[in-house]
file coords-v6.tsv (TSV, C-alpha atoms)
chain	number	residue	atom	x	y	z
A	1	LEU	CA	21.64	98.47	86.41
A	2	GLU	CA	18.46	96.45	86.49
A	3	ALA	CA	17.35	93.39	84.54
A	4	ALA	CA	14.42	94.39	82.33
A	5	HIS	CA	12.27	91.74	80.66
A	6	LEU	CA	10.82	92.54	77.25
A	7	HIS	CA	8.21	89.77	77.42
A	8	TRP	CA	6.98	90.20	80.95
A	9	HIS	CA	7.45	87.21	83.23
A	10	CYS	CA	3.90	87.62	84.59
A	11	LYS	CA	2.65	87.24	80.98
A	12	GLY	CA	4.56	84.03	80.29
A	13	GLY	CA	7.96	85.45	79.35
A	14	PRO	CA	11.07	83.50	80.35
A	15	ALA	CA	13.51	84.75	82.98
A	16	GLY	CA	16.57	84.07	80.80
A	17	VAL	CA	19.01	86.50	79.24
A	18	GLU	CA	17.41	85.99	75.82
A	19	ASN	CA	14.47	88.03	77.17
A	20	GLY	CA	16.35	90.68	79.08
A	21	LEU	CA	18.24	93.94	78.90
A	22	ALA	CA	20.50	95.47	81.53
A	23	LEU	CA	19.11	98.98	81.93
A	24	GLN	CA	19.46	102.06	84.09
A	25	PRO	CA	16.35	102.17	86.37
A	26	THR	CA	14.65	105.10	84.60
A	27	LEU	CA	15.08	103.44	81.20
A	28	HIS	CA	13.67	100.22	82.69
A	29	ARG	CA	10.56	102.03	83.94
A	30	LEU	CA	10.08	103.76	80.60
A	31	LEU	CA	10.39	100.39	78.80
A	32	ASP	CA	7.75	98.86	81.10
A	33	TRP	CA	5.54	101.92	80.62
A	34	GLY	CA	5.65	101.45	76.84
A	35	ALA	CA	7.55	104.67	76.11
A	36	TRP	CA	10.11	102.85	74.00
A	37	THR	CA	10.83	99.50	72.46
A	38	LEU	CA	13.13	97.91	69.88
A	39	ASP	CA	12.64	97.25	66.19
A	40	ASP	CA	13.71	93.97	64.57
A	41	GLU	CA	17.22	95.36	64.02
A	42	ARG	CA	17.40	96.10	67.77
A	43	ARG	CA	17.26	99.88	67.29
A	44	LEU	CA	15.50	102.03	69.86
A	45	VAL	CA	12.00	103.22	68.88
A	46	VAL	CA	10.37	105.98	70.93
A	47	SER	CA	6.60	106.18	71.11
A	48	PRO	CA	5.26	109.25	69.28
A	49	ARG	CA	2.22	109.17	71.57
A	50	ILE	CA	4.20	110.16	74.64
A	51	ALA	CA	7.14	112.01	73.13
A	52	GLU	CA	6.10	115.27	74.79
A	53	ASP	CA	6.46	113.84	78.30
A	54	SER	CA	9.51	115.30	80.05
A	55	ALA	CA	10.76	111.90	81.24
A	56	VAL	CA	10.80	110.66	77.66
A	57	GLN	CA	13.22	113.44	76.66
A	58	LEU	CA	15.91	111.16	78.09
A	59	LEU	CA	15.21	108.85	75.13
A	60	VAL	CA	15.43	111.43	72.34
A	61	PRO	CA	19.24	111.17	71.85
A	62	LEU	CA	18.95	107.37	71.78
A	63	ARG	CA	16.21	107.18	69.10
A	64	GLY	CA	17.32	104.97	66.22
A	65	ARG	CA	20.48	103.76	67.95
A	66	ARG	CA	21.12	100.03	67.96
A	67	ILE	CA	21.63	98.34	71.30
A	68	ARG	CA	25.01	96.75	71.83
A	69	ASP	CA	25.46	93.11	70.97
A	70	PRO	CA	26.24	90.85	73.91
A	71	GLU	CA	29.78	89.76	74.48
A	72	SER	CA	31.00	86.75	72.56
A	73	GLY	CA	29.43	83.53	73.76
A	74	HIS	CA	26.25	85.18	75.09
A	75	SER	CA	22.85	85.05	73.42
A	76	PRO	CA	21.25	88.23	72.07
A	77	VAL	CA	17.70	89.19	72.96
A	78	LYS	CA	15.40	87.00	70.88
A	79	LEU	CA	13.22	88.68	68.28
A	80	GLU	CA	10.15	86.87	69.59
A	81	HIS	CA	10.47	88.78	72.89
A	82	ILE	CA	11.18	92.09	71.17
A	83	ARG	CA	8.07	91.57	69.04
A	84	TRP	CA	5.97	90.62	72.07
A	85	HIS	CA	6.89	93.93	73.69
A	86	ARG	CA	6.27	95.96	70.54
A	87	GLU	CA	3.19	94.34	68.98
A	88	ARG	CA	-0.18	94.79	70.68
A	89	THR	CA	-1.53	91.69	68.91
A	90	LEU	CA	1.08	89.61	70.74
A	91	GLY	CA	0.39	91.21	74.12
A	92	GLY	CA	2.87	94.05	74.01
A	93	VAL	CA	2.85	97.29	75.90
A	94	PHE	CA	4.52	99.68	73.42
A	95	ARG	CA	2.43	102.79	72.88
A	96	GLY	CA	3.19	103.09	69.20
call {"tool": "encode", "arguments": {"input": "coords-v6.tsv", "output": "structure tokens"}}
result
Amino acid sequence: LEAAHLHWHCKGGPAGVENGLALQPTLHRLLDWGAWTLDDERRLVVSPRIAEDSAVQLLVPLRGRRIRDPESGHSPVKLEHIRWHRERTLGGVFRG
């Protein structure tokens, strides 16, 4: 697994767990590429603009599924970082 930041560190995002997901490397690259993101309920959203790409087919079965909550005592990913990743007006990279 790799630590993936939703709000990129190079764009002012924090390095803490409230800004990160533990992802398989291909999913991490696809997140950074803007192929997928999360909605405010932490469900996976796949970009319709790149859905025909063969690498993105890995995401199709995950579309609409909610990510797991962290174990008790750990902070979930903050909505502000999810929104940064998703919303172009905030700096995001999602190709929605």
call {"tool": "atom_distance", "arguments": {"input": "coords-v6.tsv", "atom1": "atom CA of Gly20 of chain A", "atom2": "atom CA of Leu58 of chain A"}}
result
20.5 Å
call {"tool": "residues_near_point", "arguments": {"input": "coords-v6.tsv", "point": "(19.1, 108.8, 85.2)", "cutoff": "12 Å", "atoms": "only C-alpha atoms", "output": "count of residues only"}}
result
14
call {"tool": "atom_distance", "arguments": {"input": "coords-v6.tsv", "atom1": "atom CA of Trp84 of chain A", "atom2": "atom CA of Leu62 of chain A"}}
result
21.2 Å
call {"tool": "atom_distance", "arguments": {"input": "coords-v6.tsv", "atom1": "atom CA of Gly12 of chain A", "atom2": "atom CA of Val93 of chain A"}}
result
14.1 Å
call {"tool": "residues_around", "arguments": {"input": "coords-v6.tsv", "residues": "Arg95 of chain A", "least_positions_apart": "4", "cutoff": "9 Å", "atoms": "all atoms listed in the file", "output": "JSON, numbers by chain"}}
result
{"A": [33, 34, 35, 36, 46, 47, 48, 49, 50, 86, 88]}
call {"tool": "residues_around", "arguments": {"input": "coords-v6.tsv", "residues": "Val77 of chain A", "least_positions_apart": "2", "cutoff": "10 Å", "atoms": "all atoms listed in the file", "output": "list of chain:residue names"}}
result
A:His5, A:Leu6, A:Gly16, A:Val17, A:Glu18, A:Asn19, A:Gly20, A:Leu21, A:Arg42, A:Asp69, A:Pro70, A:His74, A:Ser75, A:Leu79, A:Glu80, A:His81, A:Ile82
call {"tool": "closest_residue", "arguments": {"input": "coords-v6.tsv", "among": "A:Pro14, A:Lys78, A:Trp8, A:Glu71", "to": "Glu41 of chain A", "atoms": "only C-alpha atoms"}}
result
A:Lys78
call {"tool": "closest_residue", "arguments": {"input": "coords-v6.tsv", "among": "A:Val60, A:Arg65, A:Val45, A:Pro76", "to": "Leu31 of chain A", "atoms": "all atoms listed in the file"}}
result
A:Val45
call {"tool": "decode", "arguments": {"input": "coords-v6.tsv", "residues": "segment 4-88 of chain A", "atoms": "C-alpha atoms", "output": "short mmCIF file (atom, residue, chain, number, x, y, z; two decimals), in the first residue's frame"}}
result
data_model
loop_
_atom_site.label_atom_id
_atom_site.label_comp_id
_atom_site.auth_asym_id
_atom_site.auth_seq_id
_atom_site.Cartn_x
_atom_site.Cartn_y
_atom_site.Cartn_z
CA ALA A 4 -2.02 8.95 -1.16
CA HIS A 5 -2.73 12.59 -0.38
CA LEU A 6 -6.01 14.06 -1.60
CA HIS A 7 -4.85 17.66 -1.19
CA TRP A 8 -1.39 17.44 -2.64
CA HIS A 9 1.44 18.34 -0.28
CA CYS A 10 3.12 20.42 -3.00
CA LYS A 11 -0.10 22.50 -3.18
CA GLY A 12 -0.27 23.19 0.55
CA GLY A 13 -1.96 20.00 1.75
CA PRO A 14 -0.96 18.58 5.14
CA ALA A 15 0.96 15.32 5.51
CA GLY A 16 -1.39 13.97 8.21
CA VAL A 17 -3.79 11.05 8.08
CA GLU A 18 -6.75 13.43 7.75
CA ASN A 19 -5.53 14.07 4.19
CA GLY A 20 -4.55 10.56 3.20
CA LEU A 21 -5.73 7.20 1.96
CA ALA A 22 -3.86 3.90 2.01
CA LEU A 23 -4.10 2.72 -1.60
CA GLN A 24 -2.78 0.04 -3.91
CA PRO A 25 -0.20 1.75 -6.22
CA THR A 26 -2.36 1.70 -9.37
CA LEU A 27 -5.31 3.24 -7.51
CA HIS A 28 -2.93 5.87 -6.11
CA ARG A 29 -1.73 6.81 -9.60
CA LEU A 30 -5.29 6.96 -10.92
CA LEU A 31 -6.28 9.22 -7.99
CA ASP A 32 -3.36 11.57 -8.73
CA TRP A 33 -4.24 11.49 -12.44
CA GLY A 34 -7.79 12.64 -11.66
CA ALA A 35 -9.49 9.44 -12.81
CA TRP A 36 -11.44 9.14 -9.58
CA THR A 37 -12.24 11.02 -6.42
CA LEU A 38 -14.66 10.90 -3.50
CA ASP A 39 -18.00 12.60 -2.96
CA ASP A 40 -18.95 14.18 0.37
CA GLU A 41 -20.26 10.83 1.63
CA ARG A 42 -16.85 9.31 0.83
CA ARG A 43 -18.17 7.24 -2.09
CA LEU A 44 -15.96 6.62 -5.10
CA VAL A 45 -16.71 8.78 -8.16
CA VAL A 46 -15.16 7.82 -11.50
CA SER A 47 -14.54 10.49 -14.10
CA PRO A 48 -16.83 10.09 -17.11
CA ARG A 49 -14.21 11.86 -19.23
CA ILE A 50 -11.73 9.00 -19.00
CA ALA A 51 -14.02 6.04 -18.36
CA GLU A 52 -13.04 4.43 -21.67
CA ASP A 53 -9.36 4.14 -20.68
CA SER A 54 -8.43 0.51 -19.99
CA ALA A 55 -6.66 1.34 -16.72
CA VAL A 56 -9.82 2.96 -15.42
CA GLN A 57 -11.75 -0.30 -15.87
CA LEU A 58 -10.21 -1.30 -12.54
CA LEU A 59 -12.43 1.37 -10.96
CA VAL A 60 -15.75 0.34 -12.52
CA PRO A 61 -16.67 -2.26 -9.82
CA LEU A 62 -15.81 0.29 -7.11
CA ARG A 63 -17.98 3.14 -8.48
CA GLY A 64 -20.39 4.38 -5.82
CA ARG A 65 -18.87 2.29 -3.02
CA ARG A 66 -18.08 4.07 0.22
CA ILE A 67 -14.53 3.87 1.51
CA ARG A 68 -14.11 2.16 4.84
CA ASP A 69 -14.14 4.25 7.98
CA PRO A 70 -10.89 4.30 9.92
CA GLU A 71 -10.56 2.14 12.98
CA SER A 72 -11.88 3.54 16.23
CA GLY A 73 -9.76 6.38 17.55
CA HIS A 74 -8.44 7.43 14.13
CA SER A 75 -9.57 10.50 12.19
CA PRO A 76 -11.39 10.11 8.88
CA VAL A 77 -10.28 11.98 5.78
CA LYS A 78 -11.47 15.56 6.16
CA LEU A 79 -14.08 16.84 3.73
CA GLU A 80 -11.98 19.92 3.00
CA HIS A 81 -9.29 17.69 1.45
CA ILE A 82 -11.82 15.58 -0.45
CA ARG A 83 -13.33 18.78 -1.85
CA TRP A 84 -9.91 20.18 -2.77
CA HIS A 85 -9.24 17.06 -4.84
CA ARG A 86 -12.66 17.09 -6.49
CA GLU A 87 -13.38 20.79 -7.10
CA ARG A 88 -11.40 22.63 -9.77
#
